[in-house]
Amino acid sequence: MNSFVHLPLLLATAAVGSALARAELAAPNFVYDNERSLATSGDFDGDGRQDVALVEKDSGRIRLGYQREAGVWTWVKWRFAGTKFVSGLTVGKLFAPNADALAFASADANLVSLLDVSNPKVGATPTLLPITELGPNTVIAVDVGGDGNTPELDLIVTSIYNTDPAPNLGSLLRNTAGQFTKISEGPLPGPATRGNRVSLQAGQPDAVAVLLTGDGTDSLRVADFSTGRPRVMLAITNVPSGSDYALGRFGGAALSQFLFYKPGESNLVVRPLTEAGDRFQAGAGASFTLAQPIKQVLVVPQAKDSKLLVVFGKGATAGVFDFDGRSAPALVQSLDAATNELIFATAVVDNGFIFFTGPTIARAATRYQAYGFDGTRYKVGVFGGLPSLADTDDMTVPEIHQRITASLTVTNAAQMQPYTNTIPGTEVSYEMVAIPGGEFLMGTPASEANRNADEGPQHPVRLTPYWMGRCEVTWNEYQLFMYPDDEKRLRAIHPGDAAAEKVSDAVSRPSRPYVEMSFGMGKDKFPAIAMTQHSANKYCHWLSAKTGHFYRLPTEAEWEFASRADTKTTYYFGADASKLGDYGWFFDNSDSKYQKVGKKKPNAWGLFDMSGNVVEWCLDQYSPDYYQVCAAQGVVTDPWNRATNPYPHVVRGGSWDDDAPALRSGARRGSERTWKMTDPQLPKSIWYLSDSRWIGFRLVRPLTVPPPEVMVKYWTSGVERD
């Protein structure tokens, strides 16, 4: 969890805010653009507080901070914009009337995508708009009036790669309950950049502002779309080529003033507006030379007059300025990035702003630092690390969930039957056994021979129905996940569902092992071994994407319930350990290696190798006193001791290398860091356990499919990071 500091005065002023600051911020969500990223704010989750988004242009990865309480942001794992090489970003109520969504344009990828970010717990799948224009480079959310107007905001899209005579086009897309239809299109006099929804005067409908690139100089156009057709409200010409802009209301002005600057130069130009009928004109204004080259200019609203926030040079310093729109900006507060860090981007929020900073050698911000106004100065508020931009496959979960729920055919326990399934695109199959829900006593009685203290007290547990793998996952199945290239070659022979293949290919897969992972013990119909719990979880994630069924590891309670198969004895076949050789492979009969699955007798529910062969991963964090916690709660339904640490996790069932007591139905064990002790890699692998040739896993498929925000927790439980 990111660290943060509470300043009571800051939080009090942030909670109260000012009517003007909130009004100016809540209408147009200005997007601040720099060479590598785009930063903006909006109420993404509909709770009335300003959240923030930082978009990396090249990768299309978005860091989102949700303001869950005044002045405190909770950051979530990065989400994908639906396109790389983002050239345009907009914020607006595109899906719901109370929550802002994001829309992106990418000229080089020739895409416009939408993203619902209303759920902080799990990301939505980006929606790609079907567009005919070539090179969409800006997108602006605004209400387009006229026939067919809807409560949702519509989209203006500009594009730059169309054929002559009009290579630059502007298109209006009507939003009807999330479905976008082009209602008009027209030529533009040049490529449009820096698109934003703006307000020139309080009480007027929001308009659209863009910079138009020309020969030698640029121009700024502001157009009103309230009638359904574009009407130019303002045209500012002779803007120096390569300029950026900001706007605000300074010195008590009723109309907005535009500020122009060229990144890397020190000049700041203010152009005040006057009203002339139904149009506006920009006055000559004034030009001011600041003490340092400007990187970015932002307007921070306040109750009386907006402040200017200027980031200087490469971003090592910044300053807050009083500004009345007429006199030179007056520095009132100097701000510095941390030592050897730069300000990569900045977002304006209620009562202040957030710096996104990182080391001078970094390509993207790694930290955030919030500032809030206390009535006199901007004070340091919360701070901490930003989510990593490292690869993640969480963004696949909503689509997988949608595919699973759309294909559900069994919806109640009475319909559950054993089944055999073939992994799509292959000839490899596996069997699942229906396990009825029910209540049982988990743990072992104090009288049981070889009982350990962590096996008690016995306590009642109630489980909902699920399927469990008849056998442990074999190398035949697991190698399809380990070796993507081999799996793709099989698809050419056994073509399957292209959509399923696309989403399953996006799931994280193991790096190639540095040794032969069966260690010479055999692969065909032998259990897969030596994977971390993380690797087993990711196999379940991948298989769910491939098959359209939700698979995961069993909880410890599910494993024991299935192993006991309605028995209460030491082993599921009784208490006589001399019969163990008929049911499982262990130290006495295994010939010091694992054996093919399904060769011994099954338990009463048809599950093979629940005792021995390989010890099996469960989802739970291993805690020796967890049963005491459960016992104190009475009857516990579907318990899961969710992992919060990389070690230890529960393993159950005993292995080919264990003595008979370890194969008891109630025996427990926790994983150890030493299981990958001789791994020569630094850092050690998150996929393989070099020193545990006796650990594998089997599948569970619960009857009830959880929501995506819960589903992702099963597949990311207990990632091992040394």
# chains A, B, ... in the order shown; residues from 1 in each chain; ligands from 1
$ select_by_dssp --residues "stretch 278-404 of chain A" --states "strand (DSSP E or B)" --output "PyMOL selection string"
chain A and resi 279-282+286-289+294-300+307-312+317-322+330-336+341-349+352-359+367-373+378-385
$ residues_around --residues "A:Pro436" --least-positions-apart "2" --cutoff "12 Å" --atoms "only C-alpha atoms" --output "list in words"
Asn412, Ala413, Ala414, Gln415, Met416, Gln417, Pro418, Val433, Ala434, Gly438, Glu439, Phe440, Arg462, Leu463, Thr464, Pro465, Tyr466, Trp467, Met468, Glu558, Phe561, Ala562, Ala565, Asp566, Trp605, Pro702 and Leu703 of chain A
$ atom_distance --atom1 "atom CA of A:Ile529" --atom2 "atom CA of A:Arg693"
6.0 Å
$ closest_atom_pairs --of "stretch 375-421 of chain A" --to "stretch 712-716 of chain A" --cutoff "10 Å" --atoms "only C-alpha atoms" --output "JSON lines"
{"residue": "A:Asp393", "atom": "CA", "partner": "A:Val712", "partner_atom": "CA", "distance": 9.6}
{"residue": "A:Asp394", "atom": "CA", "partner": "A:Val712", "partner_atom": "CA", "distance": 6.8}
{"residue": "A:Met395", "atom": "CA", "partner": "A:Val712", "partner_atom": "CA", "distance": 9.5}
{"residue": "A:Thr396", "atom": "CA", "partner": "A:Val712", "partner_atom": "CA", "distance": 9.4}
{"residue": "A:Val397", "atom": "CA", "partner": "A:Val712", "partner_atom": "CA", "distance": 6.5}
{"residue": "A:Pro398", "atom": "CA", "partner": "A:Val712", "partner_atom": "CA", "distance": 9.1}
{"residue": "A:His401", "atom": "CA", "partner": "A:Val712", "partner_atom": "CA", "distance": 9.7}
$ residues_around --residues "stretch 657-674 of chain A" --least-positions-apart "2" --cutoff "8 Å" --atoms "only C-alpha atoms" --output "PyMOL selection string"
chain A and resi 442-444+450-452+454-455+560+563-564+570-572+577+580+586-588+590+592-593+611-612+622-623+647-655+676-677+691+694
$ atom_distance --atom1 "atom CA of A:Ser184" --atom2 "atom CA of A:Pro126"
24.5 Å
$ atom_distance --atom1 "atom CA of A:Pro187" --atom2 "atom CA of A:Pro136"
13.4 Å
$ residues_around --residues "A:Tyr66" --least-positions-apart "2" --cutoff "12 Å" --atoms "only C-alpha atoms" --output "PDB file with C-alpha atoms, in the first residue's frame"
ATOM      1  CA  SER A  41      -8.762  14.466 -13.561  1.00  0.00           C
ATOM      2  CA  GLY A  42     -12.387  13.426 -13.350  1.00  0.00           C
ATOM      3  CA  ASP A  43     -14.922  11.750 -11.109  1.00  0.00           C
ATOM      4  CA  PHE A  44     -14.353   8.221 -12.392  1.00  0.00           C
ATOM      5  CA  ASP A  45     -16.242   6.251  -9.722  1.00  0.00           C
ATOM      6  CA  GLY A  46     -19.138   8.679  -9.292  1.00  0.00           C
ATOM      7  CA  ASP A  47     -18.556   9.499  -5.613  1.00  0.00           C
ATOM      8  CA  GLY A  48     -18.304  13.268  -6.123  1.00  0.00           C
ATOM      9  CA  ARG A  49     -14.517  13.460  -5.618  1.00  0.00           C
ATOM     10  CA  GLN A  50     -11.866  14.230  -8.210  1.00  0.00           C
ATOM     11  CA  ASP A  51      -9.838  11.206  -9.284  1.00  0.00           C
ATOM     12  CA  VAL A  52      -6.746  11.370 -11.500  1.00  0.00           C
ATOM     13  CA  ALA A  53      -5.398   9.561 -14.554  1.00  0.00           C
ATOM     14  CA  LEU A  54      -1.869   9.471 -15.935  1.00  0.00           C
ATOM     15  CA  ARG A  63      -2.292   4.793 -13.801  1.00  0.00           C
ATOM     16  CA  LEU A  64      -5.523   5.656 -11.967  1.00  0.00           C
ATOM     17  CA  ARG A  68     -11.607   7.528  -1.699  1.00  0.00           C
ATOM     18  CA  GLU A  69     -11.527  10.134   1.061  1.00  0.00           C
ATOM     19  CA  ALA A  70     -10.769  13.835   0.887  1.00  0.00           C
ATOM     20  CA  GLY A  71      -7.153  14.388  -0.082  1.00  0.00           C
ATOM     21  CA  VAL A  72      -6.191  10.694  -0.154  1.00  0.00           C
ATOM     22  CA  TRP A  73      -5.847   8.691  -3.380  1.00  0.00           C
ATOM     23  CA  THR A  74      -5.869   4.918  -3.762  1.00  0.00           C
ATOM     24  CA  TRP A  75      -3.890   3.736  -6.792  1.00  0.00           C
ATOM     25  CA  VAL A  76      -4.810   0.625  -8.743  1.00  0.00           C
ATOM     26  CA  LYS A  77      -2.851  -1.558 -11.153  1.00  0.00           C
ATOM     27  CA  VAL A 117     -13.057   3.250 -15.264  1.00  0.00           C
ATOM     28  CA  SER A 118     -15.956   3.402 -12.806  1.00  0.00           C
ATOM     29  CA  ASN A 119     -14.895   0.250 -10.939  1.00  0.00           C
ATOM     30  CA  PRO A 120     -11.721   0.773  -8.884  1.00  0.00           C
ATOM     31  CA  LYS A 121     -11.459  -2.963  -8.199  1.00  0.00           C
ATOM     32  CA  VAL A 349      -7.498  18.373  -8.582  1.00  0.00           C
TER      33      VAL A 349
END
$ closest_residue --among "A:Ser388, A:Ser690, A:Thr426, A:Thr357" --to "A:Arg489" --atoms "only C-alpha atoms"
A:Thr426
$ residues_around --residues "A:Ser511" --least-positions-apart "4" --cutoff "12 Å" --atoms "only C-alpha atoms" --output "list of chain:residue names"
A:Phe481, A:Met482, A:Tyr483, A:Pro484, A:Val515, A:Met531, A:Ser535, A:Gln681, A:Lys684, A:Ser685, A:Ile686, A:Trp687, A:Tyr688
$ closest_residue --among "A:Phe356, A:Val157, A:Asp591, A:Pro527" --to "A:Glu56" --atoms "only C-alpha atoms"
A:Phe356
$ decode --residues "stretch 544-577 of chain A" --atoms "N, CA and C atoms" --output "JSON list (two decimals), in the first residue's frame"
[["chain", "number", "residue", "atom", "x", "y", "z"],
["A", 544, "SER", "N", -8.87, -20.97, -18.16],
["A", 544, "SER", "CA", -10.19, -20.35, -18.13],
["A", 544, "SER", "C", -10.43, -19.55, -19.40],
["A", 545, "ALA", "N", -9.40, -18.83, -19.85],
["A", 545, "ALA", "CA", -9.52, -18.07, -21.09],
["A", 545, "ALA", "C", -9.69, -19.00, -22.29],
["A", 546, "LYS", "N", -9.00, -20.12, -22.27],
["A", 546, "LYS", "CA", -9.07, -21.06, -23.40],
["A", 546, "LYS", "C", -10.42, -21.75, -23.50],
["A", 547, "THR", "N", -10.98, -22.12, -22.35],
["A", 547, "THR", "CA", -12.14, -23.03, -22.34],
["A", 547, "THR", "C", -13.48, -22.35, -22.10],
["A", 548, "GLY", "N", -13.49, -21.15, -21.50],
["A", 548, "GLY", "CA", -14.76, -20.54, -21.13],
["A", 548, "GLY", "C", -15.36, -21.10, -19.86],
["A", 549, "HIS", "N", -14.55, -21.84, -19.05],
["A", 549, "HIS", "CA", -14.95, -22.29, -17.72],
["A", 549, "HIS", "C", -14.03, -21.62, -16.71],
["A", 550, "PHE", "N", -14.54, -21.30, -15.53],
["A", 550, "PHE", "CA", -13.72, -20.67, -14.50],
["A", 550, "PHE", "C", -13.00, -21.73, -13.67],
["A", 551, "TYR", "N", -11.68, -21.78, -13.83],
["A", 551, "TYR", "CA", -10.85, -22.71, -13.07],
["A", 551, "TYR", "C", -9.94, -21.94, -12.11],
["A", 552, "ARG", "N", -9.65, -22.58, -11.00],
["A", 552, "ARG", "CA", -8.72, -22.03, -10.02],
["A", 552, "ARG", "C", -8.17, -23.17, -9.19],
["A", 553, "LEU", "N", -7.26, -22.84, -8.28],
["A", 553, "LEU", "CA", -6.79, -23.81, -7.30],
["A", 553, "LEU", "C", -7.87, -24.02, -6.23],
["A", 554, "PRO", "N", -7.87, -25.17, -5.58],
["A", 554, "PRO", "CA", -8.83, -25.38, -4.48],
["A", 554, "PRO", "C", -8.40, -24.61, -3.25],
["A", 555, "THR", "N", -9.37, -24.19, -2.46],
["A", 555, "THR", "CA", -9.04, -23.72, -1.12],
["A", 555, "THR", "C", -8.65, -24.94, -0.30],
["A", 556, "GLU", "N", -8.04, -24.70, 0.84],
["A", 556, "GLU", "CA", -7.65, -25.81, 1.70],
["A", 556, "GLU", "C", -8.88, -26.61, 2.15],
["A", 557, "ALA", "N", -9.98, -25.90, 2.43],
["A", 557, "ALA", "CA", -11.20, -26.59, 2.86],
["A", 557, "ALA", "C", -11.77, -27.44, 1.73],
["A", 558, "GLU", "N", -11.78, -26.91, 0.51],
["A", 558, "GLU", "CA", -12.28, -27.68, -0.63],
["A", 558, "GLU", "C", -11.44, -28.92, -0.86],
["A", 559, "TRP", "N", -10.13, -28.77, -0.71],
["A", 559, "TRP", "CA", -9.24, -29.92, -0.92],
["A", 559, "TRP", "C", -9.54, -31.01, 0.11],
["A", 560, "GLU", "N", -9.63, -30.66, 1.38],
["A", 560, "GLU", "CA", -9.84, -31.68, 2.41],
["A", 560, "GLU", "C", -11.22, -32.32, 2.29],
["A", 561, "PHE", "N", -12.24, -31.51, 1.99],
["A", 561, "PHE", "CA", -13.59, -32.05, 1.81],
["A", 561, "PHE", "C", -13.62, -33.08, 0.69],
["A", 562, "ALA", "N", -12.96, -32.75, -0.43],
["A", 562, "ALA", "CA", -12.94, -33.66, -1.57],
["A", 562, "ALA", "C", -12.12, -34.90, -1.27],
["A", 563, "SER", "N", -11.02, -34.74, -0.55],
["A", 563, "SER", "CA", -10.17, -35.88, -0.22],
["A", 563, "SER", "C", -10.90, -36.85, 0.71],
["A", 564, "ARG", "N", -11.56, -36.32, 1.71],
["A", 564, "ARG", "CA", -12.25, -37.19, 2.67],
["A", 564, "ARG", "C", -13.42, -37.92, 2.02],
["A", 565, "ALA", "N", -14.08, -37.30, 1.06],
["A", 565, "ALA", "CA", -15.20, -37.95, 0.35],
["A", 565, "ALA", "C", -16.21, -38.53, 1.33],
["A", 566, "ASP", "N", -16.63, -37.70, 2.26],
["A", 566, "ASP", "CA", -17.67, -38.06, 3.23],
["A", 566, "ASP", "C", -17.19, -39.09, 4.25],
["A", 567, "THR", "N", -15.89, -39.15, 4.50],
["A", 567, "THR", "CA", -15.36, -40.03, 5.54],
["A", 567, "THR", "C", -14.79, -39.18, 6.67],
["A", 568, "LYS", "N", -14.55, -39.79, 7.82],
["A", 568, "LYS", "CA", -14.00, -39.09, 8.97],
["A", 568, "LYS", "C", -12.74, -39.78, 9.49],
["A", 569, "THR", "N", -12.25, -40.75, 8.75],
["A", 569, "THR", "CA", -11.12, -41.56, 9.19],
["A", 569, "THR", "C", -9.79, -40.91, 8.80],
["A", 570, "THR", "N", -8.71, -41.55, 9.26],
["A", 570, "THR", "CA", -7.38, -41.00, 9.03],
["A", 570, "THR", "C", -7.10, -40.83, 7.54],
["A", 571, "TYR", "N", -7.43, -41.87, 6.79],
["A", 571, "TYR", "CA", -7.32, -41.81, 5.33],
["A", 571, "TYR", "C", -8.73, -41.99, 4.77],
["A", 572, "TYR", "N", -8.95, -41.64, 3.52],
["A", 572, "TYR", "CA", -10.29, -41.75, 2.95],
["A", 572, "TYR", "C", -10.71, -43.20, 2.73],
["A", 573, "PHE", "N", -9.79, -44.14, 2.95],
["A", 573, "PHE", "CA", -10.13, -45.56, 2.85],
["A", 573, "PHE", "C", -10.19, -46.22, 4.22],
["A", 574, "GLY", "N", -9.96, -45.45, 5.29],
["A", 574, "GLY", "CA", -10.00, -46.00, 6.64],
["A", 574, "GLY", "C", -8.81, -45.52, 7.46],
["A", 575, "ALA", "N", -8.51, -46.25, 8.51],
["A", 575, "ALA", "CA", -7.40, -45.86, 9.40],
["A", 575, "ALA", "C", -6.20, -46.78, 9.28],
["A", 576, "ASP", "N", -6.30, -47.82, 8.45],
["A", 576, "ASP", "CA", -5.24, -48.83, 8.35],
["A", 576, "ASP", "C", -4.20, -48.38, 7.33],
["A", 577, "ALA", "N", -3.05, -47.89, 7.82],
["A", 577, "ALA", "CA", -2.00, -47.39, 6.92],
["A", 577, "ALA", "C", -1.41, -48.49, 6.05]]
